[in-house]
Structure formats: C-alpha cells, structure tokens
>>> print(open('run19.pdb').read())   # PDB, N, CA and C atoms
MODEL        1
ATOM      1  N   MET F   1       0.827  -1.169   0.000
ATOM      2  CA  MET F   1       0.000   0.000   0.000
ATOM      3  C   MET F   1       0.884   1.249   0.000
ATOM      4  N   TYR F   2       1.933   1.211   0.788
ATOM      5  CA  TYR F   2       2.846   2.357   0.886
ATOM      6  C   TYR F   2       3.377   2.742  -0.494
ATOM      7  N   ARG F   3       3.861   1.756  -1.230
ATOM      8  CA  ARG F   3       4.403   2.026  -2.571
ATOM      9  C   ARG F   3       3.308   2.455  -3.543
ATOM     10  N   LEU F   4       2.137   1.870  -3.426
ATOM     11  CA  LEU F   4       1.028   2.246  -4.308
ATOM     12  C   LEU F   4       0.635   3.708  -4.128
ATOM     13  N   LEU F   5       0.823   4.225  -2.911
ATOM     14  CA  LEU F   5       0.485   5.613  -2.639
ATOM     15  C   LEU F   5       1.640   6.569  -2.891
ATOM     16  N   GLY F   6       2.723   6.055  -3.485
ATOM     17  CA  GLY F   6       3.819   6.922  -3.868
ATOM     18  C   GLY F   6       4.998   6.946  -2.925
ATOM     19  N   GLY F   7       4.979   6.136  -1.877
ATOM     20  CA  GLY F   7       6.096   6.092  -0.932
ATOM     21  C   GLY F   7       7.340   5.521  -1.580
ATOM     22  N   SER F   8       8.496   6.101  -1.269
ATOM     23  CA  SER F   8       9.723   5.613  -1.890
ATOM     24  C   SER F   8      10.830   5.303  -0.888
ATOM     25  N   ALA F   9      10.666   5.669   0.350
ATOM     26  CA  ALA F   9      11.716   5.408   1.340
ATOM     27  C   ALA F   9      11.813   3.910   1.609
ATOM     28  N   THR F  10      13.031   3.444   1.795
ATOM     29  CA  THR F  10      13.225   2.025   2.077
ATOM     30  C   THR F  10      13.547   1.781   3.545
ATOM     31  N   LYS F  11      13.758   2.853   4.286
ATOM     32  CA  LYS F  11      14.040   2.718   5.709
ATOM     33  C   LYS F  11      13.074   3.593   6.504
ATOM     34  N   VAL F  12      12.761   3.149   7.697
ATOM     35  CA  VAL F  12      11.896   3.905   8.597
ATOM     36  C   VAL F  12      12.747   4.363   9.771
ATOM     37  N   LYS F  13      12.696   5.656  10.078
ATOM     38  CA  LYS F  13      13.463   6.176  11.202
ATOM     39  C   LYS F  13      12.747   5.835  12.505
ATOM     40  N   PRO F  14      13.449   5.199  13.437
ATOM     41  CA  PRO F  14      12.803   4.847  14.704
ATOM     42  C   PRO F  14      12.653   6.053  15.622
ATOM     43  N   TYR F  15      11.667   5.993  16.469
ATOM     44  CA  TYR F  15      11.487   7.021  17.490
ATOM     45  C   TYR F  15      10.894   6.356  18.724
ATOM     46  N   LEU F  16      10.970   7.038  19.828
ATOM     47  CA  LEU F  16      10.451   6.531  21.087
ATOM     48  C   LEU F  16       9.205   7.321  21.458
ATOM     49  N   THR F  17       8.154   6.629  21.865
ATOM     50  CA  THR F  17       6.944   7.291  22.320
ATOM     51  C   THR F  17       6.977   7.381  23.838
ATOM     52  N   LEU F  18       6.824   8.586  24.366
ATOM     53  CA  LEU F  18       6.830   8.795  25.808
ATOM     54  C   LEU F  18       5.402   8.927  26.314
ATOM     55  N   VAL F  19       4.980   7.959  27.115
ATOM     56  CA  VAL F  19       3.657   7.982  27.729
ATOM     57  C   VAL F  19       3.834   7.540  29.174
ATOM     58  N   TRP F  20       3.251   8.279  30.083
ATOM     59  CA  TRP F  20       3.348   7.962  31.502
ATOM     60  C   TRP F  20       2.067   7.311  31.978
ATOM     61  N   ARG F  21       2.184   6.485  33.019
ATOM     62  CA  ARG F  21       1.001   5.896  33.639
ATOM     63  C   ARG F  21       0.158   6.992  34.264
ATOM     64  N   GLY F  22      -1.130   6.749  34.311
ATOM     65  CA  GLY F  22      -2.016   7.718  34.946
ATOM     66  C   GLY F  22      -3.076   8.212  33.981
ATOM     67  N   LYS F  23      -3.365   9.476  34.082
ATOM     68  CA  LYS F  23      -4.426  10.074  33.264
ATOM     69  C   LYS F  23      -4.088   9.980  31.774
ATOM     70  N   LEU F  24      -5.093   9.689  30.977
ATOM     71  CA  LEU F  24      -4.872   9.562  29.536
ATOM     72  C   LEU F  24      -4.352  10.844  28.910
ATOM     73  N   ASP F  25      -4.777  11.997  29.447
ATOM     74  CA  ASP F  25      -4.329  13.253  28.839
ATOM     75  C   ASP F  25      -2.947  13.683  29.344
ATOM     76  N   GLN F  26      -2.347  12.876  30.242
ATOM     77  CA  GLN F  26      -1.004  13.126  30.762
ATOM     78  C   GLN F  26      -0.894  14.446  31.526
ATOM     79  N   SER F  27      -2.039  14.991  31.959
ATOM     80  CA  SER F  27      -2.025  16.281  32.642
ATOM     81  C   SER F  27      -1.393  16.221  34.027
ATOM     82  N   HIS F  28      -1.172  15.019  34.533
ATOM     83  CA  HIS F  28      -0.527  14.875  35.836
ATOM     84  C   HIS F  28       1.001  14.966  35.746
ATOM     85  N   ILE F  29       1.531  15.018  34.536
ATOM     86  CA  ILE F  29       2.975  15.128  34.314
ATOM     87  C   ILE F  29       3.295  16.565  33.925
ATOM     88  N   ARG F  30       4.194  17.176  34.661
ATOM     89  CA  ARG F  30       4.576  18.562  34.360
ATOM     90  C   ARG F  30       5.323  18.613  33.017
ATOM     91  N   TYR F  31       5.174  19.727  32.317
ATOM     92  CA  TYR F  31       5.898  19.903  31.058
ATOM     93  C   TYR F  31       7.404  19.802  31.290
ATOM     94  N   GLU F  32       7.873  20.337  32.427
ATOM     95  CA  GLU F  32       9.305  20.284  32.733
ATOM     96  C   GLU F  32       9.791  18.845  32.858
ATOM     97  N   GLU F  33       8.971  17.976  33.441
ATOM     98  CA  GLU F  33       9.330  16.564  33.568
ATOM     99  C   GLU F  33       9.398  15.901  32.193
ATOM    100  N   GLN F  34       8.465  16.275  31.328
ATOM    101  CA  GLN F  34       8.492  15.735  29.967
ATOM    102  C   GLN F  34       9.748  16.195  29.232
ATOM    103  N   ALA F  35      10.129  17.461  29.420
ATOM    104  CA  ALA F  35      11.339  17.988  28.775
ATOM    105  C   ALA F  35      12.584  17.293  29.299
ATOM    106  N   GLU F  36      12.635  17.050  30.611
ATOM    107  CA  GLU F  36      13.778  16.341  31.205
ATOM    108  C   GLU F  36      13.910  14.946  30.603
ATOM    109  N   MET F  37      12.787  14.247  30.457
ATOM    110  CA  MET F  37      12.821  12.904  29.885
ATOM    111  C   MET F  37      13.245  12.963  28.419
ATOM    112  N   ALA F  38      12.807  13.962  27.694
ATOM    113  CA  ALA F  38      13.201  14.110  26.294
ATOM    114  C   ALA F  38      14.723  14.267  26.177
ATOM    115  N   LEU F  39      15.310  15.025  27.083
ATOM    116  CA  LEU F  39      16.770  15.189  27.067
ATOM    117  C   LEU F  39      17.488  13.883  27.384
ATOM    118  N   LYS F  40      16.963  13.115  28.322
ATOM    119  CA  LYS F  40      17.551  11.811  28.648
ATOM    120  C   LYS F  40      17.502  10.882  27.444
ATOM    121  N   VAL F  41      16.356  10.888  26.765
ATOM    122  CA  VAL F  41      16.181  10.034  25.590
ATOM    123  C   VAL F  41      17.150  10.455  24.489
ATOM    124  N   LYS F  42      17.323  11.763  24.311
ATOM    125  CA  LYS F  42      18.261  12.263  23.301
ATOM    126  C   LYS F  42      19.687  11.824  23.628
ATOM    127  N   ARG F  43      20.069  11.948  24.908
ATOM    128  CA  ARG F  43      21.412  11.524  25.312
ATOM    129  C   ARG F  43      21.609  10.025  25.131
ATOM    130  N   ALA F  44      20.513   9.270  25.179
ATOM    131  CA  ALA F  44      20.588   7.820  24.985
ATOM    132  C   ALA F  44      20.748   7.454  23.509
ATOM    133  N   GLY F  45      20.655   8.454  22.628
ATOM    134  CA  GLY F  45      20.906   8.205  21.218
ATOM    135  C   GLY F  45      19.697   8.229  20.307
ATOM    136  N   PHE F  46      18.518   8.408  20.854
ATOM    137  CA  PHE F  46      17.339   8.468  19.989
ATOM    138  C   PHE F  46      17.334   9.785  19.227
ATOM    139  N   LYS F  47      16.934   9.726  17.969
ATOM    140  CA  LYS F  47      16.898  10.918  17.121
ATOM    141  C   LYS F  47      15.511  11.527  17.041
ATOM    142  N   GLY F  48      14.509  10.802  17.529
ATOM    143  CA  GLY F  48      13.146  11.314  17.483
ATOM    144  C   GLY F  48      12.315  10.767  18.621
ATOM    145  N   ILE F  49      11.382  11.580  19.090
ATOM    146  CA  ILE F  49      10.457  11.139  20.125
ATOM    147  C   ILE F  49       9.070  11.670  19.812
ATOM    148  N   LYS F  50       8.085  11.006  20.404
ATOM    149  CA  LYS F  50       6.708  11.484  20.342
ATOM    150  C   LYS F  50       6.245  11.570  21.787
ATOM    151  N   VAL F  51       5.762  12.729  22.185
ATOM    152  CA  VAL F  51       5.330  12.942  23.560
ATOM    153  C   VAL F  51       3.844  13.244  23.569
ATOM    154  N   ARG F  52       3.136  12.516  24.379
ATOM    155  CA  ARG F  52       1.705  12.809  24.523
ATOM    156  C   ARG F  52       1.585  13.914  25.555
ATOM    157  N   CYS F  53       1.375  15.118  25.094
ATOM    158  CA  CYS F  53       1.326  16.248  26.016
ATOM    159  C   CYS F  53       0.060  17.070  25.828
ATOM    160  N   TRP F  54      -0.968  16.439  25.301
ATOM    161  CA  TRP F  54      -2.246  17.134  25.130
ATOM    162  C   TRP F  54      -2.800  17.509  26.491
ATOM    163  N   ARG F  55      -3.388  18.648  26.592
ATOM    164  CA  ARG F  55      -4.043  19.093  27.814
ATOM    165  C   ARG F  55      -5.469  19.510  27.454
ATOM    166  N   PRO F  56      -6.410  19.368  28.402
ATOM    167  CA  PRO F  56      -7.800  19.732  28.110
ATOM    168  C   PRO F  56      -7.938  21.173  27.602
ATOM    169  N   ASN F  57      -7.200  22.104  28.165
ATOM    170  CA  ASN F  57      -7.240  23.493  27.720
ATOM    171  C   ASN F  57      -5.804  24.027  27.746
ATOM    172  N   PRO F  58      -5.010  23.726  26.728
ATOM    173  CA  PRO F  58      -3.582  24.054  26.764
ATOM    174  C   PRO F  58      -3.272  25.532  26.876
ATOM    175  N   TRP F  59      -4.163  26.400  26.447
ATOM    176  CA  TRP F  59      -3.857  27.833  26.465
ATOM    177  C   TRP F  59      -3.845  28.405  27.883
ATOM    178  N   THR F  60      -4.301  27.631  28.856
ATOM    179  CA  THR F  60      -4.256  28.095  30.242
ATOM    180  C   THR F  60      -2.957  27.689  30.931
ATOM    181  N   MET F  61      -2.117  26.905  30.267
ATOM    182  CA  MET F  61      -0.863  26.456  30.859
ATOM    183  C   MET F  61       0.159  27.582  30.813
ATOM    184  N   PRO F  62       0.963  27.762  31.886
ATOM    185  CA  PRO F  62       1.948  28.841  31.926
ATOM    186  C   PRO F  62       2.923  28.840  30.744
ATOM    187  N   ILE F  63       3.265  27.662  30.247
ATOM    188  CA  ILE F  63       4.231  27.563  29.155
ATOM    189  C   ILE F  63       3.664  28.166  27.865
ATOM    190  N   CYS F  64       2.340  28.225  27.739
ATOM    191  CA  CYS F  64       1.705  28.756  26.529
ATOM    192  C   CYS F  64       1.411  30.256  26.645
ATOM    193  N   ALA F  65       1.673  30.825  27.790
ATOM    194  CA  ALA F  65       1.330  32.231  28.016
ATOM    195  C   ALA F  65       2.244  33.199  27.266
ATOM    196  N   ALA F  66       3.420  32.745  26.895
ATOM    197  CA  ALA F  66       4.397  33.624  26.238
ATOM    198  C   ALA F  66       3.976  34.029  24.849
TER
ENDMDL
END
>>> encode(input="run19.pdb", output="structure tokens")
Amino acid sequence: MYRLLGGSATKVKPYLTLVWRGKLDQSHIRYEEQAEMALKVKRAGFKGIKVRCWRPNPWTMPICAA
C-alpha cells in the first residue's frame, strides 16, 4: 500500500513514544518533567520522540502564556 500511494523510502526512522502511567491526557505530568525525559532520551541516542502532552485546555498552561 505504501508504494502504491507513492512512498519511496526504504528505511523507517525509529522514534520513542513517551507515555506515563495515569491520566490519559497526561495532565498529571509537568511539562518540565516531559522535557527532562526528552533530554535523557536524546542523550541515549534516539533521534526522534513522540510525547503525549495534550491538555484539556492548553492555552491556560503557563508555558503557553508567552
């Protein structure tokens, strides 16, 4: 299917998905904690990550106020 839709890459770049136990929206994890983990993952050699950092109302978070 990939090739039929025009895909041409022969390799897939791996990445790590960061999800913490607890609330599905991950609102119990501070953004700073997520950033710290991202740095650890980068130092471990990963070139890409996916972080579930959705919040019910993200515009009320201090990090979005800037």
>>> residues_around(input="run19.pdb", residues="stretch 15-20 of chain F", least_positions_apart="6", cutoff="6 Å", atoms="all atoms listed in the file", output="ChimeraX atom specification")
/F:48-52
>>> axis_aligned_box(input="run19.pdb", around="stretch 14-19 of chain F", padding_each_side="5 Å", output="JSON")
{"center_x": 8.6, "center_y": 6.9, "center_z": 21.3, "size_x": 19.8, "size_y": 14.1, "size_z": 25.7}
>>> atom_distance(input="run19.pdb", atom1="atom CA of F:Phe46", atom2="atom CA of F:Lys11")
15.7 Å
>>> atom_distance(input="run19.pdb", atom1="atom C of F:Lys13", atom2="atom C of F:Lys47")
7.8 Å
>>> atom_distance(input="run19.pdb", atom1="atom CA of F:Glu36", atom2="atom CA of F:Lys23")
19.4 Å
>>> build_atoms(input="run19.pdb", residues="stretch 13-24 of chain F", atoms="all heavy atoms", output="PDB file, in the coordinates of the input")
ATOM      1  N   LYS F  13      12.696   5.656  10.078  1.00  0.00           N
ATOM      2  CA  LYS F  13      13.463   6.176  11.202  1.00  0.00           C
ATOM      3  C   LYS F  13      12.747   5.835  12.505  1.00  0.00           C
ATOM      4  O   LYS F  13      11.574   6.155  12.667  1.00  0.00           O
ATOM      5  CB  LYS F  13      13.638   7.693  11.076  1.00  0.00           C
ATOM      6  CG  LYS F  13      14.462   8.091   9.879  1.00  0.00           C
ATOM      7  CD  LYS F  13      14.603   9.592   9.795  1.00  0.00           C
ATOM      8  CE  LYS F  13      15.402   9.961   8.556  1.00  0.00           C
ATOM      9  NZ  LYS F  13      15.577  11.410   8.448  1.00  0.00           N
ATOM     10  N   PRO F  14      13.449   5.199  13.437  1.00  0.00           N
ATOM     11  CA  PRO F  14      12.803   4.847  14.704  1.00  0.00           C
ATOM     12  C   PRO F  14      12.653   6.053  15.622  1.00  0.00           C
ATOM     13  O   PRO F  14      13.418   7.012  15.541  1.00  0.00           O
ATOM     14  CB  PRO F  14      13.772   3.830  15.313  1.00  0.00           C
ATOM     15  CG  PRO F  14      15.102   4.218  14.759  1.00  0.00           C
ATOM     16  CD  PRO F  14      14.820   4.742  13.380  1.00  0.00           C
ATOM     17  N   TYR F  15      11.667   5.993  16.469  1.00  0.00           N
ATOM     18  CA  TYR F  15      11.487   7.021  17.490  1.00  0.00           C
ATOM     19  C   TYR F  15      10.894   6.356  18.724  1.00  0.00           C
ATOM     20  O   TYR F  15      10.389   5.239  18.667  1.00  0.00           O
ATOM     21  CB  TYR F  15      10.595   8.164  17.003  1.00  0.00           C
ATOM     22  CG  TYR F  15       9.173   7.772  16.692  1.00  0.00           C
ATOM     23  CD1 TYR F  15       8.193   7.819  17.683  1.00  0.00           C
ATOM     24  CD2 TYR F  15       8.811   7.363  15.419  1.00  0.00           C
ATOM     25  CE1 TYR F  15       6.889   7.462  17.408  1.00  0.00           C
ATOM     26  CE2 TYR F  15       7.505   7.006  15.134  1.00  0.00           C
ATOM     27  CZ  TYR F  15       6.556   7.063  16.128  1.00  0.00           C
ATOM     28  OH  TYR F  15       5.274   6.718  15.850  1.00  0.00           O
ATOM     29  N   LEU F  16      10.970   7.038  19.828  1.00  0.00           N
ATOM     30  CA  LEU F  16      10.451   6.531  21.087  1.00  0.00           C
ATOM     31  C   LEU F  16       9.205   7.321  21.458  1.00  0.00           C
ATOM     32  O   LEU F  16       9.195   8.549  21.348  1.00  0.00           O
ATOM     33  CB  LEU F  16      11.506   6.688  22.185  1.00  0.00           C
ATOM     34  CG  LEU F  16      11.167   6.125  23.544  1.00  0.00           C
ATOM     35  CD1 LEU F  16      11.099   4.604  23.480  1.00  0.00           C
ATOM     36  CD2 LEU F  16      12.215   6.536  24.558  1.00  0.00           C
ATOM     37  N   THR F  17       8.154   6.629  21.865  1.00  0.00           N
ATOM     38  CA  THR F  17       6.944   7.291  22.320  1.00  0.00           C
ATOM     39  C   THR F  17       6.977   7.381  23.838  1.00  0.00           C
ATOM     40  O   THR F  17       7.167   6.374  24.508  1.00  0.00           O
ATOM     41  CB  THR F  17       5.684   6.511  21.879  1.00  0.00           C
ATOM     42  OG1 THR F  17       5.678   6.428  20.460  1.00  0.00           O
ATOM     43  CG2 THR F  17       4.416   7.195  22.360  1.00  0.00           C
ATOM     44  N   LEU F  18       6.824   8.586  24.366  1.00  0.00           N
ATOM     45  CA  LEU F  18       6.830   8.795  25.808  1.00  0.00           C
ATOM     46  C   LEU F  18       5.402   8.927  26.314  1.00  0.00           C
ATOM     47  O   LEU F  18       4.699   9.873  25.963  1.00  0.00           O
ATOM     48  CB  LEU F  18       7.618  10.054  26.162  1.00  0.00           C
ATOM     49  CG  LEU F  18       9.085  10.068  25.759  1.00  0.00           C
ATOM     50  CD1 LEU F  18       9.716  11.406  26.121  1.00  0.00           C
ATOM     51  CD2 LEU F  18       9.838   8.939  26.417  1.00  0.00           C
ATOM     52  N   VAL F  19       4.980   7.959  27.115  1.00  0.00           N
ATOM     53  CA  VAL F  19       3.657   7.982  27.729  1.00  0.00           C
ATOM     54  C   VAL F  19       3.834   7.540  29.174  1.00  0.00           C
ATOM     55  O   VAL F  19       4.493   6.549  29.440  1.00  0.00           O
ATOM     56  CB  VAL F  19       2.665   7.043  27.004  1.00  0.00           C
ATOM     57  CG1 VAL F  19       1.309   7.058  27.680  1.00  0.00           C
ATOM     58  CG2 VAL F  19       2.531   7.415  25.545  1.00  0.00           C
ATOM     59  N   TRP F  20       3.251   8.279  30.083  1.00  0.00           N
ATOM     60  CA  TRP F  20       3.348   7.962  31.502  1.00  0.00           C
ATOM     61  C   TRP F  20       2.067   7.311  31.978  1.00  0.00           C
ATOM     62  O   TRP F  20       0.985   7.564  31.449  1.00  0.00           O
ATOM     63  CB  TRP F  20       3.596   9.243  32.299  1.00  0.00           C
ATOM     64  CG  TRP F  20       4.978   9.784  32.174  1.00  0.00           C
ATOM     65  CD1 TRP F  20       5.996   9.594  33.063  1.00  0.00           C
ATOM     66  CD2 TRP F  20       5.521  10.573  31.123  1.00  0.00           C
ATOM     67  NE1 TRP F  20       7.139  10.236  32.624  1.00  0.00           N
ATOM     68  CE2 TRP F  20       6.869  10.850  31.432  1.00  0.00           C
ATOM     69  CE3 TRP F  20       4.997  11.096  29.944  1.00  0.00           C
ATOM     70  CZ2 TRP F  20       7.686  11.610  30.626  1.00  0.00           C
ATOM     71  CZ3 TRP F  20       5.820  11.839  29.128  1.00  0.00           C
ATOM     72  CH2 TRP F  20       7.144  12.091  29.466  1.00  0.00           C
ATOM     73  N   ARG F  21       2.184   6.485  33.019  1.00  0.00           N
ATOM     74  CA  ARG F  21       1.001   5.896  33.639  1.00  0.00           C
ATOM     75  C   ARG F  21       0.158   6.992  34.264  1.00  0.00           C
ATOM     76  O   ARG F  21       0.678   8.002  34.713  1.00  0.00           O
ATOM     77  CB  ARG F  21       1.410   4.916  34.735  1.00  0.00           C
ATOM     78  CG  ARG F  21       2.013   3.668  34.228  1.00  0.00           C
ATOM     79  CD  ARG F  21       2.304   2.760  35.384  1.00  0.00           C
ATOM     80  NE  ARG F  21       2.912   1.538  34.885  1.00  0.00           N
ATOM     81  CZ  ARG F  21       3.120   0.472  35.608  1.00  0.00           C
ATOM     82  NH1 ARG F  21       2.813   0.472  36.884  1.00  0.00           N
ATOM     83  NH2 ARG F  21       3.668  -0.591  35.081  1.00  0.00           N
ATOM     84  N   GLY F  22      -1.130   6.749  34.311  1.00  0.00           N
ATOM     85  CA  GLY F  22      -2.016   7.718  34.946  1.00  0.00           C
ATOM     86  C   GLY F  22      -3.076   8.212  33.981  1.00  0.00           C
ATOM     87  O   GLY F  22      -3.563   7.461  33.150  1.00  0.00           O
ATOM     88  N   LYS F  23      -3.365   9.476  34.082  1.00  0.00           N
ATOM     89  CA  LYS F  23      -4.426  10.074  33.264  1.00  0.00           C
ATOM     90  C   LYS F  23      -4.088   9.980  31.774  1.00  0.00           C
ATOM     91  O   LYS F  23      -2.946  10.185  31.376  1.00  0.00           O
ATOM     92  CB  LYS F  23      -4.615  11.544  33.637  1.00  0.00           C
ATOM     93  CG  LYS F  23      -5.081  11.761  35.052  1.00  0.00           C
ATOM     94  CD  LYS F  23      -5.200  13.251  35.335  1.00  0.00           C
ATOM     95  CE  LYS F  23      -5.625  13.501  36.753  1.00  0.00           C
ATOM     96  NZ  LYS F  23      -5.717  14.937  37.039  1.00  0.00           N
ATOM     97  N   LEU F  24      -5.093   9.689  30.977  1.00  0.00           N
ATOM     98  CA  LEU F  24      -4.872   9.562  29.536  1.00  0.00           C
ATOM     99  C   LEU F  24      -4.352  10.844  28.910  1.00  0.00           C
ATOM    100  O   LEU F  24      -3.594  10.810  27.953  1.00  0.00           O
ATOM    101  CB  LEU F  24      -6.157   9.127  28.833  1.00  0.00           C
ATOM    102  CG  LEU F  24      -6.616   7.694  29.122  1.00  0.00           C
ATOM    103  CD1 LEU F  24      -7.943   7.419  28.431  1.00  0.00           C
ATOM    104  CD2 LEU F  24      -5.565   6.702  28.684  1.00  0.00           C
TER     105      LEU F  24
END
